[in-house]
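protein33.csv, holding CSV, C-alpha atoms and all ligand atoms:
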```csv
chain,number,residue,atom,x,y,z
A,1140,MET,CA,128.0,126.2,-92.2
A,1141,LEU,CA,128.9,123.3,-94.5
A,1142,TRP,CA,132.6,123.7,-93.7
A,1143,ALA,CA,132.0,123.7,-89.9
A,1144,ARG,CA,132.0,120.7,-87.8
A,1145,PHE,CA,131.3,120.4,-84.1
A,1146,VAL,CA,134.0,119.0,-82.0
A,1147,VAL,CA,133.2,116.7,-79.1
A,1148,ARG,CA,135.7,117.0,-76.4
A,1149,ARG,CA,136.3,114.8,-73.5
A,1150,SER,CA,136.7,116.6,-70.3
A,1151,ARG,CA,139.4,115.5,-68.0
A,1152,VAL,CA,138.2,112.7,-65.8
A,1153,PRO,CA,138.7,113.8,-62.2
A,1154,GLU,CA,140.7,111.2,-60.3
A,1155,CYS,CA,139.8,110.3,-56.8
A,1156,HIS,CA,141.7,110.4,-53.6
A,1157,GLU,CA,143.4,107.1,-52.7
A,1158,ALA,CA,141.1,104.5,-51.1
A,1159,PRO,CA,137.8,106.2,-52.2
A,1160,SER,CA,134.8,105.5,-50.0
A,1161,ILE,CA,131.6,104.0,-51.5
A,1162,PRO,CA,130.0,107.5,-52.0
A,1163,GLN,CA,133.2,108.7,-53.7
A,1164,ARG,CA,133.2,105.7,-56.0
A,1165,ILE,CA,129.7,106.4,-57.0
A,1166,ALA,CA,130.5,110.1,-57.7
A,1167,LEU,CA,133.6,109.0,-59.6
A,1168,ALA,CA,131.6,106.6,-61.8
A,1169,ARG,CA,129.3,109.5,-62.6
A,1170,CYS,CA,132.2,111.8,-63.5
A,1171,ASP,CA,133.8,109.1,-65.6
A,1172,SER,CA,131.5,109.7,-68.5
A,1173,PHE,CA,131.8,111.9,-71.5
A,1174,SER,CA,130.8,115.5,-71.1
A,1175,LEU,CA,130.0,117.3,-74.2
A,1176,GLU,CA,131.1,120.8,-74.9
A,1177,MET,CA,130.2,122.2,-78.2
A,1178,GLY,CA,132.5,124.4,-80.2
A,1179,LEU,CA,132.4,125.6,-83.8
A,1180,TYR,CA,135.4,124.3,-85.6
A,1181,LEU,CA,137.5,127.2,-87.0
A,1182,PHE,CA,140.8,125.9,-88.2
A,1183,SER,CA,143.8,123.6,-87.4
A,1184,LEU,CA,147.3,125.0,-86.7
A,1185,ALA,CA,150.2,122.6,-86.3
A,1186,ARG,CA,147.7,119.8,-86.3
A,1187,ILE,CA,145.9,121.3,-83.3
A,1188,PRO,CA,142.2,122.0,-83.9
A,1189,VAL,CA,140.8,125.4,-82.8
A,1190,SER,CA,137.1,126.0,-82.2
A,1191,VAL,CA,135.1,128.8,-80.8
A,1192,SER,CA,132.0,128.8,-78.5
A,1193,GLY,CA,129.1,131.1,-79.0
A,1194,TRP,CA,130.0,132.8,-75.7
A,1195,TYR,CA,133.2,134.1,-77.3
A,1196,PHE,CA,131.2,136.1,-79.7
A,1197,ALA,CA,129.3,137.4,-76.7
A,1198,LEU,CA,132.6,138.5,-75.2
A,1199,ILE,CA,133.7,140.3,-78.4
A,1200,ALA,CA,130.2,141.9,-78.6
A,1201,TYR,CA,130.7,143.1,-75.0
A,1202,TYR,CA,134.0,144.8,-75.9
A,1203,ALA,CA,132.4,146.4,-78.9
A,1204,TYR,CA,129.5,147.6,-76.8
A,1205,SER,CA,131.6,149.0,-73.9
A,1206,ALA,CA,134.5,150.5,-76.0
A,1207,GLY,CA,132.8,151.4,-79.2
A,1208,PRO,CA,132.7,149.3,-82.4
A,1209,ALA,CA,136.2,150.1,-83.8
A,1210,ARG,CA,138.1,150.1,-80.5
A,1211,GLY,CA,136.1,147.2,-79.2
A,1212,LEU,CA,136.7,145.0,-82.3
A,1213,LEU,CA,140.4,145.9,-82.3
A,1214,PHE,CA,140.7,145.0,-78.6
A,1215,GLY,CA,138.8,141.7,-79.4
A,1216,LEU,CA,141.2,140.9,-82.2
A,1217,CYS,CA,144.2,141.5,-79.9
A,1218,VAL,CA,142.5,139.4,-77.2
A,1219,THR,CA,142.0,136.6,-79.7
A,1220,VAL,CA,145.6,136.6,-80.9
A,1221,SER,CA,147.0,136.8,-77.3
A,1222,LEU,CA,144.7,133.9,-76.2
A,1223,LEU,CA,145.7,131.8,-79.1
A,1224,VAL,CA,149.4,132.4,-78.3
A,1225,HIS,CA,148.8,131.4,-74.7
A,1226,GLU,CA,146.7,128.3,-75.5
A,1227,PHE,CA,149.1,127.2,-78.1
A,1228,GLY,CA,151.9,127.3,-75.5
A,1229,HIS,CA,149.9,124.7,-73.6
A,1230,ALA,CA,148.8,122.8,-76.7
A,1231,LEU,CA,152.3,122.5,-78.3
A,1232,VAL,CA,153.8,121.0,-75.2
A,1233,ALA,CA,150.7,118.7,-74.8
A,1234,ARG,CA,151.2,117.7,-78.4
A,1235,HIS,CA,154.8,116.9,-77.7
A,1236,TYR,CA,153.6,114.4,-75.1
A,1237,ARG,CA,151.1,113.0,-77.7
A,1238,LEU,CA,148.0,114.0,-75.7
A,1239,ASP,CA,145.9,115.2,-78.7
A,1240,PRO,CA,145.3,118.8,-77.5
A,1241,GLU,CA,142.4,121.0,-78.7
A,1242,VAL,CA,142.0,124.7,-78.3
A,1243,LEU,CA,138.6,126.3,-77.5
A,1244,LEU,CA,137.9,130.0,-77.3
A,1245,HIS,CA,135.1,130.5,-74.9
A,1246,GLY,CA,133.3,133.3,-72.9
A,1247,LEU,CA,135.9,133.5,-70.2
A,1248,GLY,CA,139.0,133.3,-72.4
A,1249,GLY,CA,140.6,130.2,-73.8
A,1250,LEU,CA,140.8,126.5,-72.9
A,1251,CYS,CA,143.3,123.9,-74.0
A,1252,SER,CA,141.9,120.4,-73.4
A,1253,HIS,CA,144.0,117.2,-73.9
A,1254,LYS,CA,144.2,113.6,-72.7
A,1255,PRO,CA,145.5,113.2,-69.2
A,1256,ALA,CA,149.3,113.6,-68.9
A,1257,ASN,CA,151.4,110.7,-67.7
A,1258,SER,CA,153.0,112.5,-64.8
A,1259,ASN,CA,152.7,115.7,-62.6
A,1260,ARG,CA,155.9,116.9,-64.2
A,1261,HIS,CA,154.4,116.7,-67.7
A,1262,ASP,CA,151.3,118.5,-66.4
A,1263,ALA,CA,153.5,121.2,-64.8
A,1264,PHE,CA,155.3,121.8,-68.1
A,1265,ILE,CA,152.0,121.9,-70.1
A,1266,ILE,CA,150.5,124.4,-67.6
A,1267,ALA,CA,153.6,126.6,-67.4
A,1268,ALA,CA,154.0,126.8,-71.2
A,1269,GLY,CA,150.8,128.9,-71.6
A,1270,PRO,CA,151.9,131.9,-69.5
A,1271,PHE,CA,155.5,131.5,-70.7
A,1272,ALA,CA,154.3,131.7,-74.4
A,1273,GLY,CA,152.1,134.7,-73.6
A,1274,LEU,CA,154.8,136.6,-71.8
A,1275,PHE,CA,157.4,135.8,-74.5
A,1276,PHE,CA,155.0,137.1,-77.1
A,1277,GLY,CA,154.5,140.2,-74.9
A,1278,GLY,CA,158.2,140.8,-74.9
A,1279,LEU,CA,158.4,140.5,-78.7
A,1280,VAL,CA,155.5,143.0,-79.0
A,1281,TYR,CA,157.4,145.4,-76.7
A,1282,LEU,CA,160.6,145.1,-78.8
A,1283,ALA,CA,158.6,145.6,-82.0
A,1284,GLN,CA,157.0,148.8,-80.5
A,1285,GLU,CA,160.4,150.1,-79.4
A,1286,ALA,CA,161.9,149.3,-82.8
A,1287,MET,CA,159.1,151.1,-84.6
A,1288,TRP,CA,159.6,154.3,-82.4
A,1289,SER,CA,163.3,154.2,-83.1
A,1290,TYR,CA,163.5,153.3,-86.8
A,1291,ARG,CA,160.1,154.3,-88.2
A,1292,PRO,CA,158.6,157.0,-86.0
A,1293,ASP,CA,156.9,158.4,-89.1
A,1294,LEU,CA,154.6,155.4,-89.1
A,1295,MET,CA,153.9,155.7,-85.4
A,1296,TYR,CA,153.2,159.5,-85.0
A,1297,GLY,CA,149.5,160.2,-85.3
A,1298,ASN,CA,148.8,156.6,-86.1
A,1299,GLU,CA,146.2,155.9,-83.4
A,1300,PRO,CA,145.2,152.3,-84.6
A,1301,LEU,CA,148.8,151.1,-84.6
A,1302,GLN,CA,149.6,152.7,-81.3
A,1303,LEU,CA,146.4,151.2,-79.8
A,1304,THR,CA,147.3,147.8,-81.2
A,1305,PHE,CA,150.6,147.9,-79.5
A,1306,SER,CA,149.2,149.1,-76.2
A,1307,PHE,CA,146.3,146.5,-76.3
A,1308,PHE,CA,148.7,143.7,-77.0
A,1309,LEU,CA,151.1,144.8,-74.2
A,1310,TYR,CA,148.2,145.2,-71.7
A,1311,ILE,CA,146.7,141.9,-72.5
A,1312,THR,CA,149.8,139.8,-72.8
A,1313,ILE,CA,151.7,141.2,-69.8
A,1314,ILE,CA,148.8,141.9,-67.3
A,1315,TRP,CA,146.7,138.9,-68.1
A,1316,ASN,CA,149.5,136.4,-68.2
A,1317,ILE,CA,150.9,137.7,-64.9
A,1318,ALA,CA,147.5,137.6,-63.3
A,1319,ASN,CA,147.1,134.1,-64.7
A,1320,LEU,CA,150.1,133.1,-62.6
A,1321,LEU,CA,148.4,134.0,-59.3
A,1322,PRO,CA,147.9,130.9,-57.1
A,1323,LEU,CA,144.2,131.1,-57.6
A,1324,TRP,CA,142.9,127.7,-58.8
A,1325,PRO,CA,141.9,126.9,-61.5
A,1326,LEU,CA,144.1,129.6,-63.1
A,1327,ASP,CA,147.4,128.3,-64.4
A,1328,GLY,CA,149.2,129.6,-61.3
A,1329,GLY,CA,146.6,127.9,-59.1
A,1330,GLN,CA,147.1,124.6,-60.9
A,1331,LEU,CA,150.9,124.9,-60.6
A,1332,PHE,CA,150.4,125.7,-56.9
A,1333,ARG,CA,148.2,122.6,-56.5
A,1334,LEU,CA,150.9,120.4,-58.1
A,1335,LEU,CA,153.4,121.8,-55.7
A,1336,MET,CA,151.1,121.1,-52.7
A,1337,VAL,CA,150.4,117.5,-54.0
A,1338,ARG,CA,154.2,117.0,-54.0
A,1339,LEU,CA,154.6,118.4,-50.4
A,1340,LEU,CA,151.5,117.4,-48.6
A,1341,LYS,CA,149.1,114.5,-48.2
A,1342,PRO,CA,146.5,114.5,-51.0
A,1343,SER,CA,143.6,115.8,-48.9
A,1344,GLN,CA,145.8,118.5,-47.3
A,1345,ALA,CA,147.0,119.5,-50.7
A,1346,GLU,CA,143.5,120.0,-52.0
A,1347,ARG,CA,142.5,122.0,-48.9
A,1348,ALA,CA,145.6,124.2,-49.1
A,1349,THR,CA,145.0,124.8,-52.8
A,1350,HIS,CA,141.5,126.0,-52.3
A,1351,TYR,CA,142.0,128.0,-49.1
A,1352,VAL,CA,144.9,129.9,-50.8
A,1353,GLY,CA,142.7,130.3,-53.8
A,1354,ILE,CA,139.9,131.9,-51.7
A,1355,ALA,CA,142.4,134.1,-49.9
A,1356,VAL,CA,144.0,135.3,-53.1
A,1357,GLY,CA,140.6,135.8,-54.7
A,1358,ALA,CA,139.5,137.9,-51.7
A,1359,VAL,CA,142.5,140.2,-52.0
A,1360,VAL,CA,142.1,140.6,-55.8
A,1361,LEU,CA,138.3,141.2,-55.3
A,1362,SER,CA,138.9,143.9,-52.7
A,1363,LEU,CA,141.6,145.6,-54.9
A,1364,THR,CA,139.3,145.4,-57.9
A,1365,VAL,CA,136.3,146.9,-56.0
A,1366,ALA,CA,138.5,149.7,-54.5
A,1367,TYR,CA,140.6,150.7,-57.6
A,1368,LEU,CA,139.2,149.2,-60.9
A,1369,SER,CA,135.5,149.0,-60.5
A,1370,SER,CA,135.4,146.6,-63.5
A,1371,PRO,CA,132.2,144.5,-63.3
A,1372,PHE,CA,133.6,141.9,-65.7
A,1373,LEU,CA,136.7,141.3,-63.5
A,1374,ILE,CA,134.5,141.2,-60.3
A,1375,ILE,CA,132.3,138.6,-61.9
A,1376,ILE,CA,135.3,136.5,-63.0
A,1377,VAL,CA,137.1,136.7,-59.6
A,1378,GLY,CA,133.8,136.0,-57.8
A,1379,PHE,CA,133.2,132.9,-60.0
A,1380,LEU,CA,136.8,131.6,-59.3
A,1381,MET,CA,136.3,132.0,-55.6
A,1382,TYR,CA,133.0,130.2,-55.8
A,1383,LYS,CA,134.7,127.3,-57.6
A,1384,ASN,CA,137.2,127.1,-54.8
A,1385,PHE,CA,134.5,127.1,-52.2
A,1386,THR,CA,132.6,124.3,-53.9
A,1387,GLN,CA,135.8,122.3,-54.5
A,1388,LEU,CA,136.5,122.3,-50.8
A,1389,ASN,CA,133.5,120.2,-50.2
A,1390,ALA,CA,133.7,118.1,-53.4
A,1391,VAL,CA,134.2,114.4,-53.4
A,1392,THR,CA,136.4,114.4,-56.4
A,1393,SER,CA,139.8,116.0,-56.5
A,1394,SER,CA,140.6,119.1,-58.5
A,1395,GLY,CA,142.9,117.2,-60.8
A,1396,PRO,CA,144.9,114.0,-61.1
A,1397,LEU,CA,146.4,112.8,-57.8
A,1398,ARG,CA,149.2,111.2,-59.6
A,1399,ARG,CA,151.5,110.6,-56.7
A,1400,GLU,CA,152.9,107.4,-58.1
A,1401,ASN,CA,153.7,106.2,-61.5
A,1402,ARG,CA,151.8,103.4,-63.1
A,1403,PHE,CA,154.6,101.0,-62.6
A,1404,ALA,CA,154.6,101.5,-58.8
A,1405,LYS,CA,151.8,99.0,-58.3
A,1406,ASP,CA,153.4,96.4,-60.6
A,1407,LEU,CA,156.7,96.8,-58.7
A,1408,LEU,CA,155.0,96.5,-55.3
A,1409,ASN,CA,153.2,93.3,-56.5
A,1410,LYS,CA,156.6,92.0,-57.7
A,1411,ALA,CA,158.2,92.6,-54.3
A,1412,GLU,CA,155.3,91.0,-52.5
A,1413,THR,CA,155.5,87.9,-54.8
A,1414,ALA,CA,159.2,87.7,-54.2
A,1415,LEU,CA,158.6,87.7,-50.5
A,1416,LYS,CA,156.0,84.9,-50.8
A,1417,GLU,CA,158.5,82.9,-52.8
A,1418,GLY,CA,161.0,83.3,-50.1
A,1419,ASP,CA,163.3,85.6,-52.2
A,1420,ALA,CA,164.0,88.3,-49.6
A,1421,ASP,CA,166.9,89.7,-51.5
A,1422,GLU,CA,164.7,90.3,-54.6
A,1423,ALA,CA,161.9,91.8,-52.5
A,1424,ALA,CA,164.3,94.2,-50.8
A,1425,ARG,CA,165.9,95.1,-54.1
A,1426,VAL,CA,162.5,96.0,-55.7
A,1427,CYS,CA,161.5,98.0,-52.6
A,1428,HIS,CA,164.6,100.1,-52.7
A,1429,GLN,CA,164.1,100.7,-56.4
A,1430,LEU,CA,160.5,101.9,-55.6
A,1431,ARG,CA,161.6,104.1,-52.8
A,1432,THR,CA,163.9,106.1,-55.0
A,1433,ASP,CA,160.8,107.1,-57.1
A,1434,SER,CA,159.5,110.4,-55.8
A,1435,HIS,CA,156.0,109.7,-57.0
A,1436,VAL,CA,155.2,107.1,-54.4
A,1437,SER,CA,152.0,107.5,-52.4
A,1438,GLU,CA,152.0,107.3,-48.6
A,1439,ALA,CA,150.0,104.0,-48.8
A,1440,THR,CA,152.6,102.5,-51.1
A,1441,LEU,CA,155.4,103.8,-49.0
A,1442,GLU,CA,153.9,102.1,-45.9
A,1443,LYS,CA,153.7,98.8,-47.8
A,1444,ILE,CA,157.3,99.3,-48.9
A,1445,TRP,CA,158.4,99.7,-45.2
A,1446,ALA,CA,156.5,96.6,-44.2
A,1447,ILE,CA,158.0,94.5,-47.0
A,1448,LEU,CA,161.5,95.8,-46.2
A,1449,ALA,CA,161.0,95.0,-42.5
A,1450,VAL,CA,160.0,91.4,-43.3
A,1451,ALA,CA,162.7,91.0,-45.9
A,1452,SER,CA,165.4,92.3,-43.5
A,1453,TYR,CA,163.9,90.0,-40.8
A,1454,ALA,CA,164.2,87.0,-43.3
A,1455,GLN,CA,167.7,88.1,-44.1
A,1456,GLY,CA,168.5,87.9,-40.4
A,1457,ASP,CA,169.1,91.6,-39.9
A,1458,GLN,CA,166.9,92.2,-36.8
A,1459,ASP,CA,167.9,95.8,-36.1
A,1460,GLU,CA,167.2,96.9,-39.7
A,1461,ALA,CA,163.9,94.9,-39.6
A,1462,ASP,CA,162.8,96.8,-36.4
A,1463,SER,CA,163.7,100.2,-37.8
A,1464,TYR,CA,161.7,99.5,-41.0
A,1465,ALA,CA,158.8,98.0,-39.0
A,1466,GLU,CA,158.5,101.2,-37.0
A,1467,ARG,CA,157.6,103.1,-40.1
A,1468,ALA,CA,154.7,100.8,-41.2
A,1469,PRO,CA,151.4,100.0,-39.5
A,1470,ASP,CA,151.6,96.8,-37.4
A,1471,LYS,CA,148.7,95.2,-39.3
A,1472,LEU,CA,150.7,95.6,-42.6
A,1473,VAL,CA,153.9,94.1,-41.1
A,1474,LEU,CA,151.9,91.1,-39.7
A,1475,ALA,CA,150.3,90.6,-43.1
A,1476,MET,CA,153.7,90.6,-44.8
A,1477,LEU,CA,155.1,88.3,-42.1
A,1478,ALA,CA,152.4,85.8,-42.9
A,1479,HIS,CA,153.9,85.6,-46.5
A,1480,LEU,CA,157.0,83.9,-45.2
A,1481,PRO,CA,156.7,80.2,-46.0
A,1482,ASN,CA,157.9,79.3,-42.5
A,1483,GLN,CA,160.6,80.8,-40.3
A,1484,ASP,CA,163.2,78.1,-40.9
A,1485,SER,CA,163.0,78.0,-44.7
A,1486,ALA,CA,163.0,81.8,-44.8
A,1487,ASP,CA,166.2,82.0,-42.8
A,1488,GLU,CA,167.8,79.4,-45.1
A,1489,ASP,CA,166.8,81.3,-48.2
A,1490,ALA,CA,168.2,84.5,-47.0
A,1491,GLY,CA,171.9,84.3,-47.6
A,1492,PRO,CA,174.1,87.4,-47.2
A,1493,SER,CA,174.0,89.5,-50.3
B,1,ZN,ZN,146.6,128.8,-69.5
```
Translate this structure into structure tokens?
Amino acid sequence: MLWARFVVRRSRVPECHEAPSIPQRIALARCDSFSLEMGLYLFSLARIPVSVSGWYFALIAYYAYSAGPARGLLFGLCVTVSLLVHEFGHALVARHYRLDPEVLLHGLGGLCSHKPANSNRHDAFIIAAGPFAGLFFGGLVYLAQEAMWSYRPDLMYGNEPLQLTFSFFLYITIIWNIANLLPLWPLDGGQLFRLLMVRLLKPSQAERATHYVGIAVGAVVLSLTVAYLSSPFLIIIVGFLMYKNFTQLNAVTSSGPLRRENRFAKDLLNKAETALKEGDADEAARVCHQLRTDSHVSEATLEKIWAILAVASYAQGDQDEADSYAERAPDKLVLAMLAHLPNQDSADEDAGPS
């Protein structure tokens, strides 16, 4: 194994809910360390390293055992190619965002790990690219199969390996990629569903919604599998996914980045507060309005924006507007911002009509 190297990958660091408690901070500090996951380096494609874990060979061996060596290995080969297409869908988009992706083939399929993305939108594109690439590849395989039957039926008739290859590829790419889109976290569909919930709900509600839906979808899939498919492998996988949702419901860390605001939001907020301290109500209001238009602003930030806007309007002499903003922010916050005004007279003087 001279040519082999072991890759050390950094797992995604779970980010915490806003305003973490002390136990949460402790848990977060524990999570914020390197976790080692060993894989045997195979090759790099488009500058993306691909490695394989021992469990992947166990998976291929399971296919060979359950379907016979020839069929099992052919199925394993089709699984490998389909997984690589799916994972490279994720990885190429992650590479586009310069997130240093790596692909690992492991016992439960594939994994594309990369540095944390800069926004939920980037995360959504990276996640959606996997099933998209898989389904697109499935479409190409279908067209190739139809073309073969139309133009070279002589190569298809009686050619069991070729026919099997086409049906394995179609089965894996279509069924697996569609199943992968179910809102069952941490499948790709579940992760997309979580990003949608994070956008619509408060962070803690979004987490609960994600995992309750995950458990419900898992229960339906499990019942259907037991009733119609009796596949022990699928039962184990779905059971495992449901268990992950159960444990995540009680976890202190979130199931992914809670990136509700961009990294500049805090800077802008500080800028607005400083402007208010310096008596520049116009500038404070301008920065707040700029922040408000950003959809990735957390509730806590938004409350602070309302408080600053209330006090800025008050300083500008617009009492009605000040009152309407103040209603949307906690009193404590408004009072804290009011304390920033140098004194009432000078603030009124500073605030000329814009
Ligand atoms: Zn995926």
Would you mind listing the residues within 8 Å of ligand ZN 1 (chain B), counting all atoms listed in the file, as number ranges by chain? A: 1225-1226, 1229, 1249-1251, 1266-1270, 1319, 1326-1327
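Here atom CA of A:Tyr1195 stands at a distance of 6.2 Å from atom CA of A:Leu1244.
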Anything within 12 Å of (130.9, 139.7, -78.6): list those residues as a PyMOL selection string, counting only C-alpha atoms and sticking to the file's coordinates. chain A and resi 1191-1208+1211-1216+1218-1219+1245-1247
How about saving the chosen residues, C-alpha atoms kept, as a short mmCIF file (atom, residue, chain, number, x, y, z; two decimals), keeping the file's coordinate frame?
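Wrote it out as selection.cif, contents follow:
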```cif
data_model
loop_
_atom_site.label_atom_id
_atom_site.label_comp_id
_atom_site.auth_asym_id
_atom_site.auth_seq_id
_atom_site.Cartn_x
_atom_site.Cartn_y
_atom_site.Cartn_z
CA VAL A 1191 135.10 128.80 -80.80
CA SER A 1192 132.00 128.80 -78.50
CA GLY A 1193 129.10 131.10 -79.00
CA TRP A 1194 130.00 132.80 -75.70
CA TYR A 1195 133.20 134.10 -77.30
CA PHE A 1196 131.20 136.10 -79.70
CA ALA A 1197 129.30 137.40 -76.70
CA LEU A 1198 132.60 138.50 -75.20
CA ILE A 1199 133.70 140.30 -78.40
CA ALA A 1200 130.20 141.90 -78.60
CA TYR A 1201 130.70 143.10 -75.00
CA TYR A 1202 134.00 144.80 -75.90
CA ALA A 1203 132.40 146.40 -78.90
CA TYR A 1204 129.50 147.60 -76.80
CA SER A 1205 131.60 149.00 -73.90
CA ALA A 1206 134.50 150.50 -76.00
CA GLY A 1207 132.80 151.40 -79.20
CA PRO A 1208 132.70 149.30 -82.40
CA GLY A 1211 136.10 147.20 -79.20
CA LEU A 1212 136.70 145.00 -82.30
CA LEU A 1213 140.40 145.90 -82.30
CA PHE A 1214 140.70 145.00 -78.60
CA GLY A 1215 138.80 141.70 -79.40
CA LEU A 1216 141.20 140.90 -82.20
CA VAL A 1218 142.50 139.40 -77.20
CA THR A 1219 142.00 136.60 -79.70
CA HIS A 1245 135.10 130.50 -74.90
CA GLY A 1246 133.30 133.30 -72.90
CA LEU A 1247 135.90 133.50 -70.20
#
```
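Between atom CA of A:Ile1265 and atom CA of A:Ala1390 lies a distance of 25.1 Å.
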Find the residues around A:Ala1449 up to 6 Å (all atoms listed in the file counted), leave out those fewer than 6 positions away in its own chain, and share them as a ChimeraX atom specification. /A:1461,1464-1465
Would you mind exporting C-alpha atoms of the selected residues as a compact mmCIF listing (two decimals), in the frame of the given file?
```
# COMPACT_ATOMS: atom_id res chain seq x y z
CA ALA A 1461 163.90 94.90 -39.60
CA TYR A 1464 161.70 99.50 -41.00
CA ALA A 1465 158.80 98.00 -39.00
```
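We find atom CA of A:Phe1182 and atom CA of A:Phe1264 to be spaced 25.1 Å apart.
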Selected residue of minimal separation from A:Lys1405 among A:Lys1383, A:His1479, A:His1428, A:Lys1443, counting only C-alpha atoms: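 Looking only at the distances to A:Lys1405, the closest residue turns out to be A:Lys1443.
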Within-10 Å shell of (149.1, 116.6, -68.9) in input frame, all atoms listed in the file, as a short mmCIF file (atom, residue, chain, number, x, y, z; two decimals) with C-alpha atoms, in the frame of the given file:
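As a result, out_39.cif now contains:
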```cif
data_model
loop_
_atom_site.label_atom_id
_atom_site.label_comp_id
_atom_site.auth_asym_id
_atom_site.auth_seq_id
_atom_site.Cartn_x
_atom_site.Cartn_y
_atom_site.Cartn_z
CA ARG A 1151 139.40 115.50 -68.00
CA HIS A 1229 149.90 124.70 -73.60
CA ALA A 1230 148.80 122.80 -76.70
CA VAL A 1232 153.80 121.00 -75.20
CA ALA A 1233 150.70 118.70 -74.80
CA ARG A 1234 151.20 117.70 -78.40
CA TYR A 1236 153.60 114.40 -75.10
CA ARG A 1237 151.10 113.00 -77.70
CA LEU A 1238 148.00 114.00 -75.70
CA PRO A 1240 145.30 118.80 -77.50
CA SER A 1252 141.90 120.40 -73.40
CA HIS A 1253 144.00 117.20 -73.90
CA LYS A 1254 144.20 113.60 -72.70
CA PRO A 1255 145.50 113.20 -69.20
CA ALA A 1256 149.30 113.60 -68.90
CA ASN A 1257 151.40 110.70 -67.70
CA SER A 1258 153.00 112.50 -64.80
CA ASN A 1259 152.70 115.70 -62.60
CA ARG A 1260 155.90 116.90 -64.20
CA HIS A 1261 154.40 116.70 -67.70
CA ASP A 1262 151.30 118.50 -66.40
CA ALA A 1263 153.50 121.20 -64.80
CA PHE A 1264 155.30 121.80 -68.10
CA ILE A 1265 152.00 121.90 -70.10
CA ILE A 1266 150.50 124.40 -67.60
CA PRO A 1396 144.90 114.00 -61.10
#
```
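You can rank A:Tyr1453, A:Phe1372, A:Tyr1290, A:Phe1332 by their closest distance to A:Ser1394 using all atoms listed in the file, and at the top of that list sits A:Phe1332.
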Do a neighbour search on A:Val1377 at 8 Å with all atoms listed in the file, toss out local chain neighbours closer than 6 positions, and write the hits as a count of residues only. 3
Minimum-distance residue to A:Ile1374, chosen among A:Val1359, A:Leu1448, A:Cys1217, A:Tyr1180 (using all atoms listed in the file): A:Val1359
Can you list, as a list in words, every protein, DNA or RNA residue that comes within 8 Å of A:Pro1481 when you count only C-alpha atoms, leaving out same-chain residues fewer than 6 positions away?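 What passes the distance filter is Lys1416, Glu1417 and Gly1418 of chain A.
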For A:Thr1440, which of A:Ala1404, A:Ala1420, A:Leu1415, A:Leu1323 is the closest residue, counting all atoms listed in the file? A:Ala1404
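Among A:Ala1423, A:Ser1437, A:Ile1187, A:Gly1278, the residue with the shortest atom-to-atom distance to A:Leu1340, counting all atoms listed in the file, is A:Ser1437.
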Between A:Ser1369, A:Ser1306, A:Asn1298, A:Gln1344, which is the closest to A:Tyr1281 once you count only C-alpha atoms?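 So, comparing all the options, the nearest one is A:Ser1306.
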